[in-house]
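Written below as structure tokens is the structure these notes are about.
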Amino acid sequence: MTATIEIDGLRKRFGSTQALDGMTFTVQPGQVTGFVGPNGAGKSTTMRVVVGLDAPDAGTASIGGRPYRSLQNPLTHVGSLLDAGALQPGRSARNHLLWLAHSQGLAAGRVDEVIALAGLEPAARRKAGGYSLGMRQRLGIAAALLGDPPVLIFDEPYNGMDPEGIIWMKGFLRALAAQGRAVLVSSHLMSELEDTAGHLVVVGRGRVIADTTVAGLIAAASGDRITVRTTARAQAMTALAGAGAEVATTGPGTLTISNLSAGKAVAVLTAHAVPFGEVTAHRATLEQAYMELTHASVEFRAEETS
Amino acid sequence: MTTAPVTPYRSQAAAGRESFWHLVHAEWTKFRTVRGWVIAMIVAIMAITAFVFLASNVSSSCSGSACPAPPTGPGGEPVTDAFYFAHQPLTGNGTITVQITSLTGQVAVGPSQTVPGLQPWSKAGIIIKQSTSPGSAYAAMMVTGSHGVRMQWDYVNDTPGLGKGAGEAGGVSAASTRWLRLVRDGDTITGYDSADGTHWTLAGTATLPRLTSTVQAGLFAAAPSNGNTATATGVFRHIGLSWPATRWTGTNVGGSGPNGVPQPGTLRQSAGTITVTGSGDITPLAGDGSVLSLQRALAGTPIGLIPLILVGAMFITAEYRRGLIRVSLAASPRRGRLLAAKAVMIATVSFVTGLIAAALAVAAGTRTLARTGVPLWPVPALTLARMLVGTAALLAVAAVLALAIGTVLRRSAAAVAAAIVVIFVPYLLALVPPLVGGGVLARGGFAGGGLSLVAREWLLRITPAAGFSAQQVVPRFSQVTGAFYSPNWGYYPLAPWTGFAVECAWAAAALTLAFYLLRRRDA
């Protein structure tokens, strides 16, 4: 079985809400795939469908080509953390992991291993009901790792984590992916994924908006535009337009041009002896790229004033 | 971006083959790691055993020392053994044959007024009895007030004779006489009856294992007292004895007193005719509060049921409340198996809890009930085992039913309430007035206040409370006059395992719905 998640044409409606509207993407092993989109974009529903909790109206989700429900001892194939609060408050973390281990025929020794992996040792025998959200996330991570699965699915794992925890989590996710696992991590904040995810699936309103690498997403948002600073604005505009560029004035001494590479622009300006101060490739941040992409799909936005 | 070819990760976890028992093991771990659930089991045991003392809070209808213990029959059961007996000794084997030409009687209609009449179970006939001591072994052929010809032996056995034929069930008269015969061969006594003294029909065969060589054989008459004294008179002709006849002796078996005959009998002999008049009855003591059932020791069962219902329902609703059900279902995506594992688990835990509780309660109850002075119906080992196992099983199935209801409703409060309404409430209604109402033991002591007996019995036929039938230990006897087979006294309308089967059917139906919904709904 290959360690991939294949999501193909998922559709699901809850009452009047179309939660999934043709969701399609594949999660590959060996990297962290960030699953981003605004709240209500269908991330959690997609994850629940993958692990067989929700039934889609149409489409399929499979793990290495097999439906989740057909997996034997499924936690040894797929580990998931969908809701860190899914605990019996009176049961200790260790006992929570112990019943999960028993359900898969795993030895109790594995429980102590994942407790160590998730950094839960000091609290493992305390009642889980007294845990902070960050601790619950760690317990959820431990549970997901119990079966040492090649596929991992984490829904908003950074929620409730302190800065130290977030740094730990980022490194942890990268390390898991580096072992050759397929790691799908959802978040509604791009910043949490920026230096972790090798691949991004951006979703909005139940469908995929972008399925690309981090670099690709930034490039797409930057749109190959360059910025030129010059004191001879009119001269520069004539020269650049003559070379086939589309030119717009974006400030007193600033032109934004497209359809022309930065190198070509320097050559044209030099050839026409137009003085210029700076030619730079316009580069969007990942956050800007994400905002731009999801702008249309955000369902509830604050009214923009000014 | 180009991705270097990755070697997909392979799980290093040494999971064995998938097994249903792994899921049961997981459910056991879940159960034992929630302290409240373990405590609930202890509470159930405590509730069931604690109620022993309340259940034995009974007093005899006659006060203290004026109330001698009733005689006990060959099986150890308390009996009524009071009648008029015209007898002579029989040594070894022998046969007695009579023609009975008349059965008449007197029925009291007031303190000092009697009118001619018969009780349905007024009786006269022939009897072979170990001795004239109350409670000794016997076999008898008789005609009755309205139950035709019967053969009865050793108090608890009753079988119809020729009277089962159409037209023969009516009363005995000179125009329609009955012939009765008893044949003793060792410890076997065979009864026959006939309409003409020529063509005989086998009525029944009784084995009385402890019969000695010399027994008493002869004629008898008895009429059960139903508040006021009644008598029965039988007229016998053509009395044929296979042994050298001796003088007839008339004895009021049981003497006079609380356990004796209400009214002394008479024996009159004239040419070829013997007339015997007597009162009293020969039956087990059953069907009302004059005898205690060991089942009373288990009166706390419905109270112990409540914590089991609670845990049964919450075993799944607690998972729904916290979203933990999603973790469980991700670990066991074939959902029917998860529910089955939970059912196996909760049934086992409840069964063991119930068995411990029932064994403790019965052990304590046997001694406590013996101290009340009210006779205790003897319980054979197999019946005792059935009562204990039945109690454990009815609790286990109730917990599974609660689990199924919890799966369907998914909310703790609603599920617990629903389970209590379908299991506990019908039982409570069927028992009104409940045991805590004070244990009035007098005949007819039932004080009403609840549903009619018919309605209460229907509750115990069709609701899951029918499972309590598995606890019944005192049998019903149709030949006992004045018997009031009320659930209060431990009499259920269904046979023990039939009632339990009704409860199982409920659990099976609820589980089927639960399976269907669990598979169909999003978690």
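For the structure tokens, the naming scheme is as follows: chains receive sequential letters (A, B, ...) according to their order of presentation, residues are indexed from 1 within each chain, and ligands are indexed from 1 in presentation order.
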Item to check | Interface list for chain B, partner chain A, 9 Å threshold, only C-alpha atoms, as a PyMOL selection string | outcome: chain B and resi 1+3-30+33-36+318-319+321-334+520-523
Item to check | Spatial neighbours of A:Asn259, 9 Å, only C-alpha atoms, chain gap at least 5 places, as a list in words | outcome: Asp224, Arg225, Gly244, Ala245 and Glu246 of chain A
Next on the checklist: DSSP on the backbone: which residues in stretch 184-329 of chain B end up as strand (DSSP E)? Give the answer as a PyMOL selection string.
Outcome noted: chain B and resi 184-185+188-194+201-207+214-222+230-241+249-253+266-270+273-278+281-284
For C-alpha atoms, I'd like the residues from the last selection saved as a PDB file, in the first residue's frame.
```pdb
ATOM      1  CA  ARG B 184     -50.532 -49.782  45.387  1.00  0.00           C
ATOM      2  CA  ASP B 185     -47.513 -51.674  44.099  1.00  0.00           C
ATOM      3  CA  THR B 188     -45.976 -46.749  43.105  1.00  0.00           C
ATOM      4  CA  ILE B 189     -49.646 -45.874  43.345  1.00  0.00           C
ATOM      5  CA  THR B 190     -51.765 -45.868  40.217  1.00  0.00           C
ATOM      6  CA  GLY B 191     -55.151 -44.154  39.999  1.00  0.00           C
ATOM      7  CA  TYR B 192     -58.041 -45.173  37.734  1.00  0.00           C
ATOM      8  CA  ASP B 193     -61.553 -43.936  37.285  1.00  0.00           C
ATOM      9  CA  SER B 194     -64.618 -45.240  35.584  1.00  0.00           C
ATOM     10  CA  THR B 201     -59.304 -45.282  32.569  1.00  0.00           C
ATOM     11  CA  LEU B 202     -55.799 -44.569  33.862  1.00  0.00           C
ATOM     12  CA  ALA B 203     -55.735 -41.225  35.649  1.00  0.00           C
ATOM     13  CA  GLY B 204     -52.132 -41.115  36.770  1.00  0.00           C
ATOM     14  CA  THR B 205     -49.192 -42.847  38.383  1.00  0.00           C
ATOM     15  CA  ALA B 206     -47.578 -41.515  41.532  1.00  0.00           C
ATOM     16  CA  THR B 207     -44.212 -42.574  42.874  1.00  0.00           C
ATOM     17  CA  THR B 214     -47.787 -50.438  56.201  1.00  0.00           C
ATOM     18  CA  VAL B 215     -49.786 -47.383  55.151  1.00  0.00           C
ATOM     19  CA  GLN B 216     -53.287 -46.085  55.826  1.00  0.00           C
ATOM     20  CA  ALA B 217     -55.900 -46.473  53.086  1.00  0.00           C
ATOM     21  CA  GLY B 218     -59.495 -45.363  52.990  1.00  0.00           C
ATOM     22  CA  LEU B 219     -62.027 -42.637  52.269  1.00  0.00           C
ATOM     23  CA  PHE B 220     -61.740 -38.907  52.764  1.00  0.00           C
ATOM     24  CA  ALA B 221     -63.597 -35.638  52.476  1.00  0.00           C
ATOM     25  CA  ALA B 222     -62.369 -32.043  52.624  1.00  0.00           C
ATOM     26  CA  ALA B 230     -67.335 -25.199  54.523  1.00  0.00           C
ATOM     27  CA  THR B 231     -67.810 -28.954  54.584  1.00  0.00           C
ATOM     28  CA  ALA B 232     -68.050 -31.664  51.962  1.00  0.00           C
ATOM     29  CA  THR B 233     -69.880 -34.958  52.223  1.00  0.00           C
ATOM     30  CA  GLY B 234     -69.178 -37.990  50.048  1.00  0.00           C
ATOM     31  CA  VAL B 235     -71.371 -41.058  49.867  1.00  0.00           C
ATOM     32  CA  PHE B 236     -69.508 -44.261  49.017  1.00  0.00           C
ATOM     33  CA  ARG B 237     -70.862 -47.664  47.914  1.00  0.00           C
ATOM     34  CA  HIS B 238     -69.387 -50.910  46.603  1.00  0.00           C
ATOM     35  CA  ILE B 239     -66.251 -50.477  48.661  1.00  0.00           C
ATOM     36  CA  GLY B 240     -63.852 -53.173  47.490  1.00  0.00           C
ATOM     37  CA  LEU B 241     -60.619 -53.877  49.340  1.00  0.00           C
ATOM     38  CA  THR B 249     -61.185 -45.518  61.992  1.00  0.00           C
ATOM     39  CA  GLY B 250     -62.196 -41.875  61.608  1.00  0.00           C
ATOM     40  CA  THR B 251     -59.446 -39.272  62.072  1.00  0.00           C
ATOM     41  CA  ASN B 252     -59.376 -35.515  61.727  1.00  0.00           C
ATOM     42  CA  VAL B 253     -55.940 -35.275  60.089  1.00  0.00           C
ATOM     43  CA  THR B 266     -67.928 -37.499  60.701  1.00  0.00           C
ATOM     44  CA  LEU B 267     -68.066 -41.089  59.531  1.00  0.00           C
ATOM     45  CA  ARG B 268     -71.452 -42.860  59.186  1.00  0.00           C
ATOM     46  CA  GLN B 269     -71.846 -46.459  58.096  1.00  0.00           C
ATOM     47  CA  SER B 270     -75.038 -48.162  57.029  1.00  0.00           C
ATOM     48  CA  THR B 273     -72.871 -47.350  52.317  1.00  0.00           C
ATOM     49  CA  ILE B 274     -70.297 -45.168  54.045  1.00  0.00           C
ATOM     50  CA  THR B 275     -70.828 -41.418  54.321  1.00  0.00           C
ATOM     51  CA  VAL B 276     -67.810 -39.217  55.112  1.00  0.00           C
ATOM     52  CA  THR B 277     -68.077 -35.509  55.957  1.00  0.00           C
ATOM     53  CA  GLY B 278     -65.016 -33.337  56.375  1.00  0.00           C
ATOM     54  CA  ASP B 281     -57.813 -29.152  52.362  1.00  0.00           C
ATOM     55  CA  ILE B 282     -54.791 -31.068  51.115  1.00  0.00           C
ATOM     56  CA  THR B 283     -52.632 -28.655  49.112  1.00  0.00           C
ATOM     57  CA  PRO B 284     -49.336 -26.813  49.121  1.00  0.00           C
TER      58      PRO B 284
END
```
Item to check | Residue contacts of A:Thr46 (8 Å, only C-alpha atoms) excluding same-chain residues fewer than 5 positions away, as a VMD selection string | outcome: chain A and resid 10 20 23
